[in-house]
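The file query_8.pdb contains PDB, C-alpha atoms and all ligand atoms:
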ATOM      1  CA  MET A 201     -65.908 -53.497 115.749
ATOM      2  CA  GLU A 202     -64.945 -56.937 116.950
ATOM      3  CA  PHE A 203     -65.088 -59.547 114.174
ATOM      4  CA  ASN A 204     -67.269 -62.025 116.088
ATOM      5  CA  ILE A 205     -69.930 -59.427 116.806
ATOM      6  CA  GLU A 206     -69.892 -58.211 113.241
ATOM      7  CA  LEU A 207     -70.165 -61.795 112.003
ATOM      8  CA  GLN A 208     -73.109 -62.435 114.295
ATOM      9  CA  ASN A 209     -74.853 -59.270 113.074
ATOM     10  CA  ARG A 210     -74.404 -60.248 109.458
ATOM     11  CA  VAL A 211     -75.635 -63.797 110.046
ATOM     12  CA  GLN A 212     -78.738 -62.387 111.777
ATOM     13  CA  GLU A 213     -79.351 -60.084 108.837
ATOM     14  CA  ILE A 214     -79.011 -63.030 106.420
ATOM     15  CA  GLU A 215     -81.478 -65.103 108.462
ATOM     16  CA  LYS A 216     -83.947 -62.220 108.307
ATOM     17  CA  ILE A 217     -83.601 -62.184 104.520
ATOM     18  CA  LEU A 218     -84.062 -65.974 104.339
ATOM     19  CA  LYS A 219     -87.266 -65.751 106.368
ATOM     20  CA  GLN A 220     -88.594 -63.013 104.103
ATOM     21  CA  TYR A 221     -88.085 -65.186 101.038
ATOM     22  CA  LEU A 222     -89.414 -68.447 102.463
ATOM     23  CA  PRO A 223     -92.800 -69.532 101.097
ATOM     24  CA  GLN A 224     -95.900 -69.560 103.290
ATOM     25  CA  GLU A 225     -96.708 -72.835 105.030
ATOM     26  CA  VAL A 226    -100.230 -73.022 103.641
ATOM     27  CA  GLY A 227    -102.225 -75.213 101.271
ATOM     28  CA  PHE A 228    -102.308 -78.980 100.834
ATOM     29  CA  GLN A 229     -98.566 -78.938 100.132
ATOM     30  CA  LYS A 230     -97.699 -77.251 103.416
ATOM     31  CA  THR A 231     -95.723 -80.252 104.753
ATOM     32  CA  VAL A 232     -93.083 -79.886 102.067
ATOM     33  CA  VAL A 233     -92.839 -76.157 102.785
ATOM     34  CA  GLU A 234     -92.482 -76.932 106.494
ATOM     35  CA  ALA A 235     -89.686 -79.418 105.706
ATOM     36  CA  MET A 236     -87.959 -76.768 103.575
ATOM     37  CA  GLU A 237     -88.158 -74.305 106.450
ATOM     38  CA  TYR A 238     -86.951 -76.955 108.910
ATOM     39  CA  SER A 239     -83.751 -77.531 106.980
ATOM     40  CA  LEU A 240     -83.126 -73.946 105.880
ATOM     41  CA  MET A 241     -83.605 -72.367 109.295
ATOM     42  CA  ALA A 242     -81.654 -75.006 111.228
ATOM     43  CA  GLY A 243     -78.666 -72.733 111.655
ATOM     44  CA  GLY A 244     -75.535 -73.140 109.626
ATOM     45  CA  LYS A 245     -72.722 -70.714 109.076
ATOM     46  CA  ARG A 246     -74.408 -68.901 106.161
ATOM     47  CA  LEU A 247     -70.983 -68.719 104.570
ATOM     48  CA  ARG A 248     -72.120 -68.512 100.956
ATOM     49  CA  PRO A 249     -74.535 -65.568 101.355
ATOM     50  CA  LEU A 250     -71.866 -63.902 103.487
ATOM     51  CA  LEU A 251     -69.401 -64.250 100.639
ATOM     52  CA  ILE A 252     -71.881 -62.825  98.111
ATOM     53  CA  TRP A 253     -72.330 -59.814 100.354
ATOM     54  CA  GLU A 254     -68.614 -59.316 101.074
ATOM     55  CA  SER A 255     -67.569 -59.786  97.471
ATOM     56  CA  TYR A 256     -70.235 -57.246  96.462
ATOM     57  CA  ARG A 257     -68.791 -54.785  98.993
ATOM     58  CA  LEU A 258     -65.231 -55.561  97.908
ATOM     59  CA  PHE A 259     -65.994 -54.592  94.331
ATOM     60  CA  GLY A 260     -67.802 -51.425  95.346
ATOM     61  CA  GLY A 261     -71.457 -52.539  95.495
ATOM     62  CA  LYS A 262     -73.620 -50.142  97.488
ATOM     63  CA  ASN A 263     -77.240 -51.239  97.162
ATOM     64  CA  LYS A 264     -77.555 -54.458  99.175
ATOM     65  CA  THR A 265     -81.191 -55.032  98.228
ATOM     66  CA  GLU A 266     -80.133 -55.960  94.704
ATOM     67  CA  ILE A 267     -78.109 -58.961  95.939
ATOM     68  CA  GLU A 268     -80.662 -60.233  98.459
ATOM     69  CA  PRO A 269     -82.480 -62.589  96.044
ATOM     70  CA  PHE A 270     -79.127 -64.198  95.231
ATOM     71  CA  MET A 271     -78.121 -64.473  98.892
ATOM     72  CA  ALA A 272     -81.392 -66.248  99.704
ATOM     73  CA  ALA A 273     -81.250 -68.430  96.584
ATOM     74  CA  MET A 274     -77.666 -69.483  97.281
ATOM     75  CA  GLU A 275     -78.437 -70.623 100.816
ATOM     76  CA  MET A 276     -81.533 -72.500  99.591
ATOM     77  CA  ILE A 277     -79.505 -74.298  96.922
ATOM     78  CA  HIS A 278     -76.716 -75.083  99.382
ATOM     79  CA  THR A 279     -79.277 -76.413 101.882
ATOM     80  CA  TYR A 280     -80.924 -78.623  99.256
ATOM     81  CA  SER A 281     -77.510 -80.179  98.580
ATOM     82  CA  LEU A 282     -77.112 -80.974 102.285
ATOM     83  CA  VAL A 283     -80.631 -82.440 102.528
ATOM     84  CA  HIS A 284     -79.993 -84.697  99.535
ATOM     85  CA  ASP A 285     -76.460 -85.560 100.648
ATOM     86  CA  ASP A 286     -77.889 -86.846 103.940
ATOM     87  CA  LEU A 287     -80.412 -89.172 102.268
ATOM     88  CA  PRO A 288     -80.087 -92.975 102.664
ATOM     89  CA  ALA A 289     -79.024 -93.257  99.006
ATOM     90  CA  MET A 290     -76.090 -90.922  99.630
ATOM     91  CA  ASP A 291     -74.383 -90.523 103.037
ATOM     92  CA  ASP A 292     -77.349 -91.760 105.087
ATOM     93  CA  ASP A 293     -76.775 -89.296 107.928
ATOM     94  CA  MET A 294     -79.060 -88.820 110.918
ATOM     95  CA  TYR A 295     -77.835 -85.422 112.132
ATOM     96  CA  ARG A 296     -77.038 -82.127 110.470
ATOM     97  CA  ARG A 297     -76.682 -78.612 111.848
ATOM     98  CA  GLY A 298     -77.301 -79.993 115.329
ATOM     99  CA  ARG A 299     -80.675 -81.525 114.590
ATOM    100  CA  LYS A 300     -82.162 -84.626 113.010
ATOM    101  CA  THR A 301     -81.817 -84.616 109.245
ATOM    102  CA  THR A 302     -84.843 -83.669 107.165
ATOM    103  CA  HIS A 303     -85.558 -87.199 105.897
ATOM    104  CA  VAL A 304     -85.365 -88.585 109.441
ATOM    105  CA  VAL A 305     -88.037 -86.146 110.607
ATOM    106  CA  TYR A 306     -90.253 -86.042 107.520
ATOM    107  CA  GLY A 307     -89.561 -89.401 105.840
ATOM    108  CA  GLU A 308     -87.431 -90.151 102.821
ATOM    109  CA  ALA A 309     -89.915 -89.134 100.128
ATOM    110  CA  MET A 310     -90.580 -85.779 101.789
ATOM    111  CA  GLY A 311     -86.827 -85.334 102.297
ATOM    112  CA  ILE A 312     -86.282 -85.724  98.559
ATOM    113  CA  LEU A 313     -89.127 -83.319  97.816
ATOM    114  CA  ALA A 314     -87.956 -80.729 100.367
ATOM    115  CA  GLY A 315     -84.533 -80.747  98.667
ATOM    116  CA  ASP A 316     -86.155 -80.459  95.245
ATOM    117  CA  GLY A 317     -88.375 -77.703  96.622
ATOM    118  CA  LEU A 318     -85.413 -75.696  97.908
ATOM    119  CA  LEU A 319     -83.534 -76.086  94.633
ATOM    120  CA  ASN A 320     -86.454 -75.014  92.499
ATOM    121  CA  TYR A 321     -87.641 -72.277  94.829
ATOM    122  CA  GLY A 322     -84.067 -70.996  95.050
ATOM    123  CA  PHE A 323     -84.080 -70.326  91.314
ATOM    124  CA  GLU A 324     -87.548 -68.805  91.548
ATOM    125  CA  VAL A 325     -86.257 -66.427  94.222
ATOM    126  CA  ALA A 326     -83.118 -65.564  92.235
ATOM    127  CA  SER A 327     -85.249 -64.767  89.177
ATOM    128  CA  GLN A 328     -86.856 -61.918  91.131
ATOM    129  CA  ALA A 329     -83.643 -60.028  90.407
ATOM    130  CA  PHE A 330     -84.798 -59.854  86.754
ATOM    131  CA  LEU A 331     -87.712 -57.601  87.652
ATOM    132  CA  ASP A 332     -85.516 -54.508  87.810
ATOM    133  CA  VAL A 333     -84.765 -53.634  84.173
ATOM    134  CA  THR A 334     -81.884 -51.345  85.151
ATOM    135  CA  THR A 335     -79.940 -54.309  86.540
ATOM    136  CA  LEU A 336     -81.290 -56.979  84.189
ATOM    137  CA  LYS A 337     -78.040 -57.712  82.350
ATOM    138  CA  LYS A 338     -75.899 -58.285  85.410
ATOM    139  CA  ALA A 339     -78.700 -60.190  87.163
ATOM    140  CA  THR A 340     -78.871 -62.521  84.145
ATOM    141  CA  GLN A 341     -75.114 -63.065  84.255
ATOM    142  CA  ALA A 342     -75.238 -63.767  87.995
ATOM    143  CA  PHE A 343     -78.141 -66.181  87.480
ATOM    144  CA  MET A 344     -76.166 -68.054  84.808
ATOM    145  CA  VAL A 345     -73.193 -68.398  87.143
ATOM    146  CA  LEU A 346     -75.475 -69.731  89.870
ATOM    147  CA  ALA A 347     -77.068 -72.294  87.542
ATOM    148  CA  ARG A 348     -73.781 -73.480  86.083
ATOM    149  CA  LYS A 349     -71.863 -73.754  89.336
ATOM    150  CA  ALA A 350     -74.735 -75.599  91.029
ATOM    151  CA  GLY A 351     -75.106 -78.008  88.118
ATOM    152  CA  ILE A 352     -73.223 -80.716  86.247
ATOM    153  CA  TYR A 353     -70.208 -78.456  85.667
ATOM    154  CA  GLY A 354     -70.227 -77.585  89.348
ATOM    155  CA  MET A 355     -71.654 -79.074  92.549
ATOM    156  CA  ILE A 356     -73.787 -81.847  91.022
ATOM    157  CA  GLY A 357     -70.894 -82.877  88.763
ATOM    158  CA  GLY A 358     -68.542 -83.087  91.755
ATOM    159  CA  GLN A 359     -71.045 -85.029  93.795
ATOM    160  CA  ALA A 360     -71.605 -87.460  90.909
ATOM    161  CA  VAL A 361     -67.880 -88.239  90.633
ATOM    162  CA  ASP A 362     -67.732 -88.571  94.417
ATOM    163  CA  VAL A 363     -70.614 -91.056  94.476
ATOM    164  CA  GLU A 364     -69.110 -93.046  91.626
ATOM    165  CA  ASN A 365     -65.746 -93.346  93.368
ATOM    166  CA  CYS A 366     -66.786 -93.952  96.947
ATOM    167  CA  ASP A 367     -65.461 -97.110  98.535
ATOM    168  CA  ARG A 368     -62.322 -97.163  96.419
ATOM    169  CA  PRO A 369     -58.939 -95.473  96.789
ATOM    170  CA  MET A 370     -58.616 -92.339  94.733
ATOM    171  CA  GLU A 371     -55.708 -90.426  93.251
ATOM    172  CA  LYS A 372     -55.230 -86.805  94.330
ATOM    173  CA  ASP A 373     -56.089 -85.346  90.904
ATOM    174  CA  LYS A 374     -59.546 -86.820  91.043
ATOM    175  CA  LEU A 375     -59.997 -85.814  94.669
ATOM    176  CA  ASP A 376     -59.099 -82.221  93.754
ATOM    177  CA  PHE A 377     -61.605 -82.347  90.896
ATOM    178  CA  ILE A 378     -64.311 -83.511  93.311
ATOM    179  CA  TYR A 379     -63.424 -80.888  95.918
ATOM    180  CA  GLN A 380     -63.324 -78.059  93.427
ATOM    181  CA  LEU A 381     -66.731 -78.949  92.048
ATOM    182  CA  LYS A 382     -68.600 -80.388  95.001
ATOM    183  CA  THR A 383     -67.528 -77.798  97.562
ATOM    184  CA  GLY A 384     -65.647 -75.120  95.648
ATOM    185  CA  ALA A 385     -68.192 -74.373  92.935
ATOM    186  CA  LEU A 386     -70.836 -72.718  95.159
ATOM    187  CA  ILE A 387     -68.139 -70.784  97.025
ATOM    188  CA  GLU A 388     -66.662 -69.571  93.729
ATOM    189  CA  ALA A 389     -70.181 -68.721  92.526
ATOM    190  CA  SER A 390     -70.811 -66.697  95.687
ATOM    191  CA  MET A 391     -67.693 -64.595  95.135
ATOM    192  CA  MET A 392     -68.536 -64.209  91.443
ATOM    193  CA  ILE A 393     -72.189 -63.247  91.960
ATOM    194  CA  GLY A 394     -71.212 -60.524  94.443
ATOM    195  CA  ALA A 395     -68.619 -59.213  91.987
ATOM    196  CA  ILE A 396     -70.975 -59.294  88.994
ATOM    197  CA  MET A 397     -73.729 -57.464  90.866
ATOM    198  CA  ALA A 398     -71.157 -54.803  91.848
ATOM    199  CA  ASP A 399     -70.461 -54.206  88.133
ATOM    200  CA  CYS A 400     -66.976 -55.699  88.184
ATOM    201  CA  THR A 401     -64.667 -55.914  85.192
ATOM    202  CA  ASP A 402     -63.855 -59.244  83.511
ATOM    203  CA  ALA A 403     -60.448 -59.297  85.217
ATOM    204  CA  GLN A 404     -62.090 -58.710  88.603
ATOM    205  CA  LEU A 405     -64.538 -61.533  87.922
ATOM    206  CA  LYS A 406     -61.611 -63.881  87.314
ATOM    207  CA  LYS A 407     -60.047 -62.667  90.538
ATOM    208  CA  ALA A 408     -63.279 -63.302  92.446
ATOM    209  CA  GLU A 409     -63.413 -66.832  91.047
ATOM    210  CA  GLU A 410     -59.767 -67.436  91.963
ATOM    211  CA  ILE A 411     -60.307 -66.252  95.543
ATOM    212  CA  GLY A 412     -63.411 -68.473  95.776
ATOM    213  CA  LYS A 413     -61.443 -71.440  94.480
ATOM    214  CA  LYS A 414     -58.776 -71.072  97.165
ATOM    215  CA  ILE A 415     -61.329 -70.538  99.940
ATOM    216  CA  GLY A 416     -63.353 -73.517  98.670
ATOM    217  CA  LEU A 417     -60.440 -75.945  98.741
ATOM    218  CA  ALA A 418     -59.227 -74.681 102.127
ATOM    219  CA  PHE A 419     -62.786 -75.021 103.438
ATOM    220  CA  GLN A 420     -63.128 -78.619 102.269
ATOM    221  CA  ILE A 421     -59.741 -79.655 103.666
ATOM    222  CA  GLN A 422     -60.760 -78.125 106.991
ATOM    223  CA  ASP A 423     -63.975 -80.158 106.722
ATOM    224  CA  ASP A 424     -61.832 -83.299 106.290
ATOM    225  CA  ILE A 425     -59.813 -82.327 109.369
ATOM    226  CA  LEU A 426     -62.878 -81.603 111.514
ATOM    227  CA  ASP A 427     -64.395 -84.952 110.582
ATOM    228  CA  VAL A 428     -61.427 -86.551 112.364
ATOM    229  CA  ILE A 429     -60.551 -84.201 115.230
ATOM    230  CA  GLY A 430     -63.573 -81.899 115.560
ATOM    231  CA  ASP A 431     -66.057 -81.567 118.376
ATOM    232  CA  GLU A 432     -69.257 -83.439 117.640
ATOM    233  CA  ALA A 433     -71.485 -81.074 119.624
ATOM    234  CA  GLU A 434     -70.016 -78.032 117.921
ATOM    235  CA  ILE A 435     -70.202 -79.487 114.414
ATOM    236  CA  GLY A 436     -73.738 -80.737 114.980
ATOM    237  CA  LYS A 437     -73.253 -84.167 113.422
ATOM    238  CA  PRO A 438     -71.277 -87.321 114.227
ATOM    239  CA  LEU A 439     -67.563 -87.403 113.419
ATOM    240  CA  HIS A 440     -65.735 -90.016 111.333
ATOM    241  CA  SER A 441     -68.271 -90.125 108.519
ATOM    242  CA  ASP A 442     -65.399 -90.180 105.976
ATOM    243  CA  GLU A 443     -63.908 -93.227 107.663
ATOM    244  CA  LYS A 444     -67.331 -94.886 107.836
ATOM    245  CA  ASN A 445     -67.774 -94.275 104.113
ATOM    246  CA  HIS A 446     -64.169 -95.367 103.313
ATOM    247  CA  LYS A 447     -63.454 -92.020 101.714
ATOM    248  CA  THR A 448     -60.132 -90.773 100.456
ATOM    249  CA  THR A 449     -59.600 -87.285 101.906
ATOM    250  CA  TYR A 450     -56.748 -84.822 102.358
ATOM    251  CA  VAL A 451     -56.279 -86.293 105.827
ATOM    252  CA  THR A 452     -55.955 -89.868 104.543
ATOM    253  CA  ILE A 453     -53.480 -88.732 101.869
ATOM    254  CA  PHE A 454     -51.415 -86.195 103.845
ATOM    255  CA  GLY A 455     -52.171 -86.691 107.544
ATOM    256  CA  ILE A 456     -53.625 -84.058 109.893
ATOM    257  CA  GLU A 457     -50.602 -81.784 110.247
ATOM    258  CA  LYS A 458     -49.879 -81.444 106.538
ATOM    259  CA  ALA A 459     -53.600 -80.973 105.849
ATOM    260  CA  LYS A 460     -53.663 -78.141 108.407
ATOM    261  CA  SER A 461     -50.697 -76.446 106.801
ATOM    262  CA  LEU A 462     -52.381 -76.726 103.378
ATOM    263  CA  VAL A 463     -55.444 -74.931 104.777
ATOM    264  CA  GLU A 464     -53.174 -72.131 105.990
ATOM    265  CA  GLN A 465     -51.314 -71.981 102.695
ATOM    266  CA  LEU A 466     -54.492 -71.813 100.595
ATOM    267  CA  SER A 467     -55.974 -69.171 102.879
ATOM    268  CA  THR A 468     -52.819 -67.088 102.595
ATOM    269  CA  GLU A 469     -53.045 -67.405  98.812
ATOM    270  CA  ALA A 470     -56.671 -66.264  98.950
ATOM    271  CA  LEU A 471     -55.610 -63.252 101.048
ATOM    272  CA  ASP A 472     -52.759 -62.478  98.640
ATOM    273  CA  ALA A 473     -55.194 -62.521  95.726
ATOM    274  CA  LEU A 474     -57.560 -60.308  97.721
ATOM    275  CA  HIS A 475     -54.758 -57.812  98.306
ATOM    276  CA  THR A 476     -54.285 -57.369  94.570
ATOM    277  CA  CYS A 477     -57.830 -55.933  94.359
ATOM    278  CA  PRO A 478     -57.949 -52.137  94.282
ATOM    279  CA  GLN A 479     -60.400 -51.870  97.184
ATOM    280  CA  GLU A 480     -59.999 -53.505 100.559
ATOM    281  CA  ASN A 481     -62.474 -55.444 102.639
ATOM    282  CA  VAL A 482     -61.229 -55.908 106.166
ATOM    283  CA  PHE A 483     -64.189 -58.060 107.204
ATOM    284  CA  LEU A 484     -63.656 -60.474 104.300
ATOM    285  CA  GLU A 485     -59.996 -60.793 105.252
ATOM    286  CA  ALA A 486     -60.963 -61.571 108.834
ATOM    287  CA  LEU A 487     -63.560 -64.072 107.596
ATOM    288  CA  ILE A 488     -60.928 -65.942 105.573
ATOM    289  CA  GLN A 489     -58.616 -66.017 108.626
ATOM    290  CA  TYR A 490     -61.512 -67.226 110.777
ATOM    291  CA  LEU A 491     -62.246 -70.088 108.384
ATOM    292  CA  ILE A 492     -58.698 -71.474 108.752
ATOM    293  CA  TYR A 493     -59.296 -72.193 112.420
ATOM    294  CA  ARG A 494     -63.017 -72.822 112.292
ATOM    295  CA  LYS A 495     -64.326 -75.488 114.648
ATOM    296  CA  LYS A 496     -67.646 -76.110 112.861
TER
HETATM  297  C1  LIG B 501     -76.567 -83.718  96.643
HETATM  298  C2  LIG B 501     -76.109 -82.471  94.495
HETATM  299  C3  LIG B 501     -75.727 -82.822  95.843
HETATM  300  C4  LIG B 501     -74.600 -82.304  96.314
HETATM  301  C5  LIG B 501     -74.109 -82.487  97.652
HETATM  302  C6  LIG B 501     -72.470 -80.019  99.507
HETATM  303  C7  LIG B 501     -72.560 -81.450  99.170
HETATM  304  C8  LIG B 501     -72.792 -81.826  97.777
HETATM  305  C9  LIG B 501     -72.515 -82.403 100.101
HETATM  306  C10 LIG B 501     -72.375 -82.148 101.553
HETATM  307  C11 LIG B 501     -71.300 -82.984 102.115
HETATM  308  C12 LIG B 501     -70.036 -82.259 102.188
HETATM  309  C13 LIG B 501     -69.073 -82.659 103.253
HETATM  310  C14 LIG B 501     -69.779 -81.332 101.364
HETATM  311  C15 LIG B 501     -68.622 -80.545 101.383
HETATM  312  C16 LIG B 501     -69.026 -79.135 101.518
HETATM  313  C17 LIG B 501     -69.396 -78.830 102.877
HETATM  314  C18 LIG B 501     -68.329 -78.807 103.878
HETATM  315  C19 LIG B 501     -70.656 -78.628 103.133
HETATM  316  C20 LIG B 501     -71.151 -78.164 104.417
HETATM  317  O1  LIG B 501     -71.210 -76.777 104.270
HETATM  318  P1  LIG B 501     -71.148 -75.836 105.526
HETATM  319  O2  LIG B 501     -70.064 -76.308 106.451
HETATM  320  O3  LIG B 501     -72.557 -76.152 106.191
HETATM  321  O4  LIG B 501     -71.088 -74.433 105.049
HETATM  322  P2  LIG B 501     -73.495 -75.180 107.025
HETATM  323  O5  LIG B 501     -74.416 -76.117 107.767
HETATM  324  O6  LIG B 501     -72.644 -74.345 107.935
HETATM  325  O7  LIG B 501     -74.208 -74.353 106.006
END
Serialized structure, structure tokens:
Amino acid sequence: MEFNIELQNRVQEIEKILKQYLPQEVGFQKTVVEAMEYSLMAGGKRLRPLLIWESYRLFGGKNKTEIEPFMAAMEMIHTYSLVHDDLPAMDDDMYRRGRKTTHVVYGEAMGILAGDGLLNYGFEVASQAFLDVTTLKKATQAFMVLARKAGIYGMIGGQAVDVENCDRPMEKDKLDFIYQLKTGALIEASMMIGAIMADCTDAQLKKAEEIGKKIGLAFQIQDDILDVIGDEAEIGKPLHSDEKNHKTTYVTIFGIEKAKSLVEQLSTEALDALHTCPQENVFLEALIQYLIYRKK
């Protein structure tokens, strides 16, 4: 089947899962739930749940229902990070995923709470995987990976170093540290969670992390590129936010052409690592290729 159609089908399936897990918009607190839904269902590539699913298939997983709580939780946690990243205290952005940012629509306080709500509810959703005693051990391991990679040794840690160093030139080592944690950590976690839930070996788990690391860095460099030469309508937010925020990026260090070739190189390395796995996953390979030339 054609990759684009298959991608669309999978994204639709993921959105169905997200809707199933979203809380009801009822009670006195319904505004915060509405704001959570507003940001979560605003579109987005759904890359991280896709990677959980494809990694699970790569390592031989057969029962998709057992990864669904993690797919939903991952997208909720990713979305919270976007909602908070857009706040006035961070990037102060007005548009995201083609619509007004959550704090612009619901106010700053509700924006903070909607992000908090998605983070907390994400873990509540993931913990549903503990209910099946037959898969309890691997679900616990997957949960621990999710918590660690979203936290101070992962995304929050990367964001903290980013915030601390904004507005000043940065050496590449530190930029790589930020990219690996801020962007890479959830992508690594997605690959790892899929692998863990498919009962992978320790060596396979390392492989999953390595593939995630390469995809994560390639993805962030492509994000740097798109911020300079992307299409605003397609991306769904204004360009040149890095320039506005005086950020050091791969484009400011290497220029567009070299940055593009680094995306290709990292993606090829991810594919090479994928080819050392005993099973194959043609869709995952196509997804990695697609990400190199993504326009949004
Ligand atoms: C606030 C703790 C905290 C963390 C924020 C993810 C993040 C960290 C900030 C977002 C800003 C940014 C440019 C991050 C790099 C990662 C990235 C490209 C995020 C956007 O992810 P996509 O492109 O978004 O997958 P969609 O909307 O497609 O889900």
Enumerate, in order of chain and increasing residue number, the residues of chain A with an atom no farther than 8 Å from ligand LIG 501 (chain B), each with its shortest atom pair and distance in Å to one decimal, counting only C-alpha atoms and all ligand atoms, as CSV.
residue,atom,partner,partner_atom,distance
A:Gly243,CA,B:LIG501,O5,6.7
A:Gly244,CA,B:LIG501,O6,3.6
A:Lys245,CA,B:LIG501,O6,3.8
A:Arg246,CA,B:LIG501,O7,5.5
A:Leu247,CA,B:LIG501,O4,5.7
A:Arg248,CA,B:LIG501,O4,7.3
A:Glu275,CA,B:LIG501,O7,7.7
A:His278,CA,B:LIG501,C6,6.5
A:Thr279,CA,B:LIG501,O7,6.9
A:Tyr280,CA,B:LIG501,C1,7.2
A:Ser281,CA,B:LIG501,C1,4.1
A:Leu282,CA,B:LIG501,C10,4.9
A:Val283,CA,B:LIG501,C1,7.3
A:His284,CA,B:LIG501,C1,4.6
A:Asp285,CA,B:LIG501,C1,4.4
A:Asp286,CA,B:LIG501,C10,7.6
A:Met290,CA,B:LIG501,C1,7.8
A:Arg296,CA,B:LIG501,O5,7.1
A:Arg297,CA,B:LIG501,O5,5.3
A:Ala350,CA,B:LIG501,C2,7.8
A:Gly351,CA,B:LIG501,C2,7.8
A:Met355,CA,B:LIG501,C4,5.8
A:Ile356,CA,B:LIG501,C2,4.2
A:Gly357,CA,B:LIG501,C2,7.8
A:Gly358,CA,B:LIG501,C8,7.5
A:Gln359,CA,B:LIG501,C4,5.1
A:Ala360,CA,B:LIG501,C2,7.6
A:Tyr379,CA,B:LIG501,C15,7.6
A:Lys382,CA,B:LIG501,C8,5.2
A:Thr383,CA,B:LIG501,C16,4.4
A:Gly384,CA,B:LIG501,C16,7.9
A:Phe419,CA,B:LIG501,C18,6.7
A:Gln420,CA,B:LIG501,C18,5.4
A:Asp423,CA,B:LIG501,C18,5.4
A:Asp424,CA,B:LIG501,C13,7.9
A:Lys496,CA,B:LIG501,O2,6.9
Axis-aligned box for all listed atoms of stretch 289-308 of chain A, 6 Å per side, centre and edges in Å to one decimal, as AutoDock Vina command-line options:
--center_x -82.3 --center_y -85.9 --center_z 107.2 --size_x 27.9 --size_y 26.6 --size_z 28.3
Mind telling me what the PyMOL selection byres (((chain A and resi 404-411) around 6) and not hetatm) catches here, as a PyMOL selection string?
chain A and resi 388+391-392+400-403+412-414+470
For the atom pair atom CA of A:Tyr306 and atom CA of A:Ile352, what is the interatomic distance in Å to one decimal place?
27.8 Å
Expected selection from the PyMOL selection byres (((chain A and resi 310-317) around 9) and not hetatm), given as a ChimeraX atom specification:
/A:231-237,239,276-277,279-284,287,301-309,318-322
Contacts of A:Glu202 at 12 Å or less, counting all atoms listed in the file, minus same-chain residues fewer than 6 places along, as JSON, numbers by chain?
{"A": [208, 209, 482, 483, 486, 487]}
Measuring atom to atom with all atoms listed in the file, identify which of A:Ile396, A:Tyr295, A:Gln380, A:Leu207 is nearest to A:Met344.
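Comparing A:Ile396, A:Tyr295, A:Gln380, A:Leu207 against A:Met344, the winner is A:Ile396.
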My list of candidates is A:Ile393, A:Ala329, A:Tyr238, A:Ala272. Which is closest to A:Glu225 when distances are computed with all atoms listed in the file?
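Of the candidates, the smallest distance to A:Glu225 is held by A:Tyr238.
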Option closest in space to A:Ile421, from A:Ser327, A:Gln465, A:Ser390, A:Gln479 [counting only C-alpha atoms]:
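Among the listed residues, A:Gln465 lies closest to A:Ile421.
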